[in-house]
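Engineer: As input, take target09.cif (mmCIF, C-alpha atoms and all ligand atoms):
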data_final
#
loop_
_atom_site.label_atom_id
_atom_site.label_comp_id
_atom_site.auth_asym_id
_atom_site.auth_seq_id
_atom_site.Cartn_x
_atom_site.Cartn_y
_atom_site.Cartn_z
CA MET X 1 -16.62 -8.50 -11.49
CA ILE X 2 -17.08 -5.03 -10.00
CA ASP X 3 -20.76 -5.78 -9.30
CA ARG X 4 -19.82 -8.62 -6.93
CA PHE X 5 -18.38 -5.96 -4.66
CA ASN X 6 -21.35 -3.60 -4.88
CA SER X 7 -22.17 -3.96 -1.22
CA LEU X 8 -18.59 -3.14 -0.32
CA ILE X 9 -18.47 0.23 -2.03
CA HIS X 10 -18.23 3.18 0.32
CA PRO X 11 -21.53 5.12 0.47
CA GLY X 12 -21.50 7.95 -2.04
CA THR X 13 -19.01 6.20 -4.34
CA MET X 14 -20.67 4.71 -7.37
CA THR X 15 -19.34 1.36 -8.54
CA SER X 16 -19.29 2.70 -12.07
CA GLU X 17 -17.12 5.62 -10.91
CA VAL X 18 -14.52 3.32 -9.42
CA SER X 19 -14.40 1.36 -12.67
CA THR X 20 -14.12 4.64 -14.60
CA LEU X 21 -11.19 5.58 -12.35
CA TYR X 22 -9.48 2.30 -13.27
CA ARG X 23 -10.15 2.91 -16.98
CA ILE X 24 -8.53 6.33 -16.58
CA MET X 25 -5.57 4.87 -14.67
CA ASN X 26 -5.06 2.14 -17.30
CA ALA X 27 -5.12 4.71 -20.12
CA VAL X 28 -2.65 6.99 -18.31
CA GLU X 29 -0.38 4.04 -17.49
CA ASN X 30 -0.22 3.21 -21.22
CA ASN X 31 0.44 6.86 -21.94
CA ILE X 32 3.50 6.96 -19.71
CA GLY X 33 4.86 3.71 -21.13
CA GLY X 34 3.74 1.27 -18.38
CA GLY X 35 4.59 1.03 -14.71
CA GLU X 36 7.92 -0.78 -14.98
CA GLY X 37 11.15 0.78 -13.78
CA VAL X 38 14.62 -0.58 -13.25
CA GLU X 39 14.22 -2.40 -9.93
CA GLY X 40 11.76 -4.81 -8.40
CA LEU X 41 8.61 -6.25 -9.88
CA TYR X 42 5.67 -4.18 -10.93
CA GLY X 43 1.96 -4.93 -10.67
CA SER X 44 -1.27 -3.96 -8.92
CA ILE X 45 -4.38 -5.80 -7.89
CA THR X 46 -7.64 -5.14 -9.76
CA GLY X 47 -9.94 -2.24 -8.90
CA ALA X 48 -12.53 -4.60 -7.43
CA SER X 49 -9.91 -6.31 -5.28
CA MET X 50 -8.51 -2.97 -4.09
CA GLU X 51 -12.02 -1.79 -3.30
CA ARG X 52 -12.41 -4.82 -1.09
CA VAL X 53 -9.09 -4.12 0.67
CA LEU X 54 -10.09 -0.51 1.36
CA ARG X 55 -13.55 -1.53 2.51
CA SER X 56 -12.10 -4.08 4.89
CA MET X 57 -9.60 -1.59 6.34
CA GLU X 58 -12.35 0.99 6.58
CA THR X 59 -14.79 -1.30 8.37
CA LEU X 60 -12.38 -3.10 10.67
CA THR X 61 -9.53 -0.70 11.30
CA GLY X 62 -11.04 2.78 10.96
CA LEU X 63 -9.21 3.72 7.77
CA HIS X 64 -11.98 6.15 6.93
CA THR X 65 -13.03 8.06 9.99
CA LYS X 66 -14.26 11.52 10.67
CA GLN X 67 -13.08 11.44 14.29
CA GLN X 68 -9.38 11.20 13.52
CA PRO X 69 -7.22 11.98 10.49
CA THR X 70 -5.78 8.85 8.92
CA VAL X 71 -2.58 8.61 6.93
CA LEU X 72 -2.22 5.69 4.56
CA MET X 73 1.20 4.52 3.34
CA ASP X 74 1.80 2.17 0.41
CA VAL X 75 5.14 0.42 0.87
CA GLY X 76 6.45 -0.28 -2.63
CA SER X 77 4.04 2.20 -4.15
CA GLY X 78 4.86 1.85 -7.87
CA LEU X 79 2.58 4.28 -9.72
CA CYS X 80 0.53 4.87 -6.54
CA ARG X 81 -2.63 3.37 -7.99
CA PRO X 82 -3.90 2.05 -4.60
CA LEU X 83 -3.24 5.42 -2.94
CA ILE X 84 -5.07 7.34 -5.66
CA HIS X 85 -8.02 4.95 -5.26
CA ALA X 86 -8.04 5.58 -1.48
CA LEU X 87 -7.72 9.35 -1.87
CA VAL X 88 -10.32 9.99 -4.55
CA THR X 89 -12.88 7.89 -2.69
CA GLY X 90 -12.13 9.78 0.54
CA ARG X 91 -10.78 6.78 2.50
CA ALA X 92 -7.71 8.56 3.87
CA SER X 93 -6.98 12.18 4.72
CA SER X 94 -3.50 11.96 3.24
CA CYS X 95 -1.25 9.34 1.70
CA THR X 96 2.45 8.55 1.34
CA GLY X 97 4.06 6.19 -1.13
CA VAL X 98 7.51 4.71 -0.51
CA GLU X 99 9.20 3.39 -3.63
CA VAL X 100 12.79 2.21 -4.04
CA ASP X 101 12.85 2.49 -7.84
CA SER X 102 13.66 6.06 -8.96
CA ILE X 103 12.14 5.53 -12.44
CA LYS X 104 8.83 4.46 -10.89
CA CYS X 105 8.96 7.50 -8.60
CA VAL X 106 9.27 9.85 -11.59
CA LYS X 107 6.55 7.97 -13.45
CA ALA X 108 4.29 8.10 -10.40
CA GLU X 109 4.45 11.92 -10.29
CA ALA X 110 3.46 12.14 -13.97
CA PHE X 111 0.83 9.43 -13.48
CA SER X 112 -0.83 11.18 -10.57
CA THR X 113 -0.87 14.58 -12.34
CA GLN X 114 -2.44 13.12 -15.48
CA VAL X 115 -5.02 11.04 -13.58
CA LYS X 116 -6.01 14.10 -11.57
CA ARG X 117 -6.38 16.18 -14.74
CA ARG X 118 -8.63 13.57 -16.36
CA ILE X 119 -10.80 13.22 -13.25
CA VAL X 120 -11.36 16.99 -13.20
CA LYS X 121 -12.01 17.10 -16.96
CA LYS X 122 -14.61 14.34 -16.72
CA GLY X 123 -16.28 16.19 -13.83
CA MET X 124 -16.24 13.03 -11.73
CA ASN X 125 -17.66 12.98 -8.24
CA PHE X 126 -14.23 12.39 -6.74
CA LYS X 127 -11.86 14.32 -4.53
CA SER X 128 -9.24 15.90 -6.78
CA ASP X 129 -7.42 18.06 -4.22
CA TRP X 130 -5.56 15.12 -2.80
CA ASP X 131 -2.48 15.28 -0.66
CA MET X 132 0.05 12.58 -1.60
CA ASP X 133 3.82 12.41 -1.02
CA ILE X 134 6.16 10.00 -2.71
CA VAL X 135 9.33 9.11 -0.82
CA CYS X 136 11.87 7.68 -3.22
CA SER X 137 13.75 5.29 -0.94
CA GLY X 138 13.93 1.71 0.23
CA ILE X 139 11.55 1.31 3.17
CA GLU X 140 14.42 -0.11 5.23
CA SER X 141 16.20 3.27 5.08
CA LEU X 142 13.35 5.26 6.65
CA GLY X 143 13.80 6.49 10.24
CA THR X 144 10.14 6.28 11.26
CA LEU X 145 6.64 5.58 9.97
CA ASN X 146 5.04 8.36 12.08
CA PRO X 147 2.49 9.89 11.41
CA VAL X 148 1.27 6.98 9.27
CA THR X 149 -1.75 5.20 10.75
CA HIS X 150 -2.41 2.53 8.12
CA VAL X 151 -0.08 0.62 5.81
CA TYR X 152 -0.77 -1.23 2.56
CA SER X 153 1.85 -3.34 0.81
CA PHE X 154 1.55 -5.59 -2.22
CA TRP X 155 4.90 -7.06 -1.37
CA GLU X 156 5.35 -9.66 -4.08
CA GLY X 157 8.98 -9.19 -5.14
CA VAL X 158 9.78 -7.00 -2.12
CA PRO X 159 12.92 -8.56 -0.56
CA VAL X 160 13.12 -9.95 2.97
CA ASP X 161 15.39 -7.11 4.16
CA ALA X 162 12.72 -4.60 3.19
CA ARG X 163 10.02 -6.63 4.97
CA LEU X 164 12.20 -6.78 8.07
CA GLY X 165 12.76 -3.02 7.85
CA LEU X 166 9.02 -2.41 7.58
CA GLY X 167 8.37 -4.80 10.46
CA ARG X 168 10.78 -2.89 12.71
CA LEU X 169 9.32 0.50 11.77
CA PHE X 170 5.76 -0.71 12.21
CA LYS X 171 6.49 -2.20 15.62
CA GLU X 172 8.28 0.96 16.79
CA SER X 173 5.71 3.41 15.43
CA ARG X 174 3.46 5.24 17.90
CA THR X 175 0.89 5.98 15.20
CA ALA X 176 0.82 2.91 12.92
CA LEU X 177 -2.22 0.85 13.85
CA SER X 178 -3.01 -1.46 10.98
CA ILE X 179 -1.40 -3.12 7.97
CA CYS X 180 -2.75 -4.98 4.94
CA VAL X 181 -0.28 -7.15 3.04
CA VAL X 182 -1.02 -8.78 -0.29
CA GLN X 183 1.05 -11.85 -0.99
CA ARG X 184 0.86 -15.54 -1.87
CA ALA X 185 -1.28 -17.57 0.55
CA MET X 186 0.52 -18.16 3.86
CA ARG X 187 0.66 -21.87 4.62
CA HIS X 188 1.14 -21.27 8.33
CA ASP X 189 -1.97 -21.59 10.55
CA SER X 190 -1.33 -18.18 12.06
CA PRO X 191 -0.42 -15.40 9.60
CA ALA X 192 -0.03 -13.02 12.58
CA GLU X 193 2.74 -15.24 13.96
CA VAL X 194 4.49 -15.27 10.57
CA MET X 195 4.42 -11.45 10.49
CA ASP X 196 5.97 -11.28 13.95
CA GLU X 197 8.38 -14.22 13.90
CA GLU X 198 9.65 -13.84 10.32
CA TYR X 199 9.50 -10.07 9.86
CA GLY X 200 9.43 -8.62 13.40
CA PHE X 201 6.09 -6.76 13.27
CA GLY X 202 5.41 -7.44 16.94
CA PRO X 203 2.12 -8.92 18.19
CA LEU X 204 -0.63 -8.53 15.58
CA GLN X 205 -4.18 -9.70 15.32
CA LEU X 206 -5.51 -10.94 11.96
CA LEU X 207 -8.87 -9.26 11.30
CA ASP X 208 -9.61 -10.33 7.74
CA SER X 209 -8.18 -12.35 4.86
CA PHE X 210 -9.53 -12.88 1.36
CA ARG X 211 -8.48 -13.71 -2.18
CA VAL X 212 -7.55 -10.89 -4.56
CA SER X 213 -6.60 -10.88 -8.25
CA MET X 214 -3.74 -9.19 -9.98
CA SER X 215 -4.62 -6.77 -12.72
CA GLY X 216 -3.73 -8.03 -16.21
CA SER X 217 -2.49 -11.55 -15.39
CA GLY X 218 -5.44 -12.40 -13.10
CA ARG X 219 -2.98 -14.17 -10.76
CA SER X 220 -4.46 -14.94 -7.42
CA PHE X 221 -3.02 -13.59 -4.15
CA MET X 222 -4.27 -13.24 -0.59
CA ALA X 223 -4.90 -10.00 1.28
CA TYR X 224 -4.29 -10.13 5.06
CA VAL X 225 -5.56 -7.28 7.24
CA PHE X 226 -3.92 -6.98 10.66
CA ILE X 227 -4.18 -4.65 13.61
CA LYS X 228 -1.62 -4.17 16.40
CA ASP X 229 -2.56 -6.59 19.12
CA ARG X 230 -1.94 -4.19 21.96
CA THR X 231 -3.72 -1.22 20.46
CA PRO X 232 -5.24 0.74 23.35
CA ARG X 233 -8.98 0.14 23.47
CA ASN X 234 -9.86 3.86 23.51
CA LEU X 235 -7.83 4.40 20.31
CA ILE X 236 -9.64 1.55 18.55
CA GLN X 237 -12.97 2.84 19.77
CA SER X 238 -12.34 6.33 18.48
CA MET X 239 -11.29 4.97 15.08
CA PHE X 240 -14.03 2.44 14.43
CA VAL X 241 -16.91 3.90 12.51
CA ARG X 242 -19.13 0.96 11.58
CA PRO X 243 -22.13 0.38 13.83
CA GLU X 244 -21.53 -3.38 13.95
CA SER X 245 -17.93 -2.85 15.08
CA THR X 246 -18.72 -0.13 17.59
CA LYS X 247 -21.63 -2.14 18.98
CA ARG X 248 -19.36 -5.13 19.57
CA LEU X 249 -16.75 -2.93 21.22
CA ARG X 250 -19.39 -1.13 23.29
CA ASP X 251 -20.74 -4.48 24.48
CA GLU X 252 -17.25 -5.64 25.40
CA GLY X 253 -16.68 -2.32 27.19
CA LYS X 254 -19.92 -2.74 29.15
CA GLU X 255 -18.88 -6.23 30.20
CA GLU X 256 -15.52 -4.93 31.40
CA LYS X 257 -17.17 -2.09 33.36
CA GLN X 258 -19.65 -4.52 34.90
CA GLN X 259 -16.82 -6.85 35.96
CA GLU X 260 -14.97 -3.92 37.53
CA ALA X 261 -18.12 -2.77 39.35
CA ASN X 262 -18.67 -6.32 40.64
CA LYS X 263 -15.08 -6.41 41.94
CA ARG X 264 -15.62 -3.14 43.80
CA LYS X 265 -18.80 -4.43 45.52
CA PRO X 266 -18.15 -5.16 49.22
C1 LIG X 301 4.08 -5.61 -6.62
S1 LIG X 301 4.62 -3.93 -6.77
C2 LIG X 301 3.27 -3.05 -6.04
C3 LIG X 301 3.07 -1.65 -6.60
C4 LIG X 301 1.93 -0.84 -5.98
N1 LIG X 301 1.89 -0.97 -4.54
C5 LIG X 301 0.60 -1.27 -6.54
O1 LIG X 301 -0.10 -2.04 -5.87
O2 LIG X 301 0.25 -0.82 -7.62
C6 LIG X 301 5.91 -3.86 -5.52
C7 LIG X 301 6.69 -2.58 -5.54
O3 LIG X 301 7.62 -2.59 -4.43
C8 LIG X 301 8.79 -1.88 -4.84
N2 LIG X 301 9.89 -2.24 -3.91
C9 LIG X 301 10.70 -3.33 -3.94
N3 LIG X 301 11.59 -3.27 -2.92
C10 LIG X 301 11.33 -2.13 -2.21
C11 LIG X 301 11.90 -1.53 -1.04
N4 LIG X 301 12.94 -2.07 -0.43
N5 LIG X 301 11.38 -0.36 -0.60
C12 LIG X 301 10.35 0.23 -1.24
N6 LIG X 301 9.78 -0.30 -2.36
C13 LIG X 301 10.25 -1.47 -2.84
C14 LIG X 301 8.97 -2.36 -6.28
O4 LIG X 301 9.84 -1.50 -7.01
C15 LIG X 301 7.53 -2.35 -6.77
O5 LIG X 301 7.18 -1.10 -7.33
#
Give the structure from this file in structure tokens form.
Ligand SMILES: C[S@@+](CC[C@H](N)C(=O)[O-])C[C@H]1O[C@@H](n2cnc3c(N)ncnc32)[C@H](O)[C@@H]1O
Structural biologist:
Amino acid sequence: MIDRFNSLIHPGTMTSEVSTLYRIMNAVENNIGGGEGVEGLYGSITGASMERVLRSMETLTGLHTKQQPTVLMDVGSGLCRPLIHALVTGRASSCTGVEVDSIKCVKAEAFSTQVKRRIVKKGMNFKSDWDMDIVCSGIESLGTLNPVTHVYSFWEGVPVDARLGLGRLFKESRTALSICVVQRAMRHDSPAEVMDEEYGFGPLQLLDSFRVSMSGSGRSFMAYVFIKDRTPRNLIQSMFVRPESTKRLRDEGKEEKQQEANKRKP
């Protein structure tokens, strides 16, 4: 399964290392008695699926960029498995998890410490000095998302009030640029409209969508990667790192400049 995503692995990160990370995380999860708490559902997508999510956010929304620090938030972070994956593979400068269930918050601290210890002990080629905060709260009670730039949420089992709260915060945020939600397939023709009309995210543009699998059960979900529709062009340009993306943007920029120059001609 992992091999299918070989081309999607970030340069310098070996596929086998990502699968070793997931073996470590599974062992530590067993050690701490599983990821369940007292509220909400629990579950993560597989390592290969998460790799694809990170790769998509990296390529299309500048999640990993040297030009600007990026802050990734997982809304409903559970044990923080997705955040640890992003941090050790260098996809985000810092990460924040928001989790409503206090038991999961305590478990997540122990989980992260033990995973870090095992990574160091194995001498893996991963970042182990990561910077991750866990906010133990319902997302709807937060005052702001700033300075978060990117949001991930596997929001199966996350109630509508929480989605509305996230939508409001995302729309209001000066820094939040992109969001990936993992959920059951949206039947609506325009997932961006659903995000705005049902949850109040404001105008979004859908950049990518693909099938992902849940770890353990193998249940199928969809990942939807969005960007704010009115993101200033210079901000997008400074965050995009992939040649194919920057080339497209550069070409569009040239066209715009040409049109402006033509307008100015007497
Ligand atoms: C499907 S799990 C995803 C866990 C984690 N993101 C992962 O992928 O491994 C959804 C998580 O959202 C949490 N949750 C539910 N309602 C929430 C809320 N209002 N605010 C923050 N977290 C919430 C649940 O407790 C659960 O841990």
Engineer: Show me which residues sit within 7 Å of ligand LIG 301 (chain X) when counting only C-alpha atoms and all ligand atoms, and put them as a PyMOL selection string.
Structural biologist: chain X and resi 39-45+74-82+98-101+104+137-140+153-159+162
Engineer: Near Asn146 of chain X, counting all atoms listed in the file, which residues have an atom at most 8 Å away, once you skip same-chain residues fewer than 5 positions from it, shown as a PyMOL selection string?
Structural biologist: chain X and resi 173-176
Engineer: Hey, which of X:Met186, X:Met124, X:Leu164, X:Leu54 ends up closest to Gly202 of chain X? Count only C-alpha atoms.
Structural biologist: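 Selected residue with least distance to Gly202 of chain X: X:Leu164.
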Engineer: Just want the 10 Å neighbourhood of Gly47 of chain X, counted on all atoms listed in the file, with same-chain residues fewer than 2 positions away dropped. Output as a PyMOL selection string.
Structural biologist: chain X and resi 1-2+18-23+44-45+49-53+81-82+85+212-215
Engineer: Which residue, X:Met57, X:Met132, X:Leu166, X:Ile32, has the smallest gap to Ala223 of chain X when you use only C-alpha atoms?
Structural biologist: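 Among the listed residues, the smallest separation from Ala223 of chain X belongs to X:Met57.
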Engineer: Mind pulling up the distance from atom CA of Thr113 of chain X to atom CA of Thr70 of chain X?
Structural biologist: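 Taking atom CA of Thr70 of chain X and atom CA of Thr113 of chain X, their separation equals 22.6 Å.
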Engineer: For a test of reading the model, state the distance in Å between atom CA of Asn125 of chain X and atom CA of Thr96 of chain X, rounded to one decimal.
Structural biologist: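 Taking atom CA of Asn125 of chain X as the start and atom CA of Thr96 of chain X as the end point, the length is 22.7 Å.
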Engineer: So which one's closest to Ser220 of chain X, X:Ser190, X:Ser102, X:Gln183, X:Asn31? Using all atoms listed in the file, please.
Structural biologist: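 Closest candidate: X:Gln183.
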Engineer: For atom CA of Phe111 of chain X and atom CA of Asp133 of chain X, determine how far apart the two atoms are, in Å to one decimal place.
Structural biologist: 13.2 Å
Engineer: Let me have the centre and edge lengths in Å, one decimal, of the box along x, y and z around every listed atom of segment 172-186 of chain X with 4 Å of margin on each side, as AutoDock Vina command-line options.
Structural biologist:
--center_x 2.6 --center_y -6.1 --center_z 8.0 --size_x 19.3 --size_y 32.1 --size_z 27.8
Engineer: For Phe226 of chain X, please output as a ChimeraX atom specification all residues within 10 Å (counting all atoms listed in the file; exclusion window: fewer than 2 positions along the same chain).
Structural biologist: /X:57,60-61,150-151,177-181,191-192,195,203-209,223-224,228-229
Engineer: Using all atoms listed in the file, find the one residue out of X:Glu58, X:Glu109, X:Glu198, X:Glu36 that sits nearest to Gly90 of chain X.
Structural biologist: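 Closest to Gly90 of chain X, using all atoms listed in the file: X:Glu58.
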Engineer: Nearest residue to Gly33 of chain X out of X:Leu72, X:Ala110, X:Ala185, X:Leu83, using only C-alpha atoms?
Structural biologist: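 Looking at the shortest contact to Gly33 of chain X, the residue is X:Ala110.
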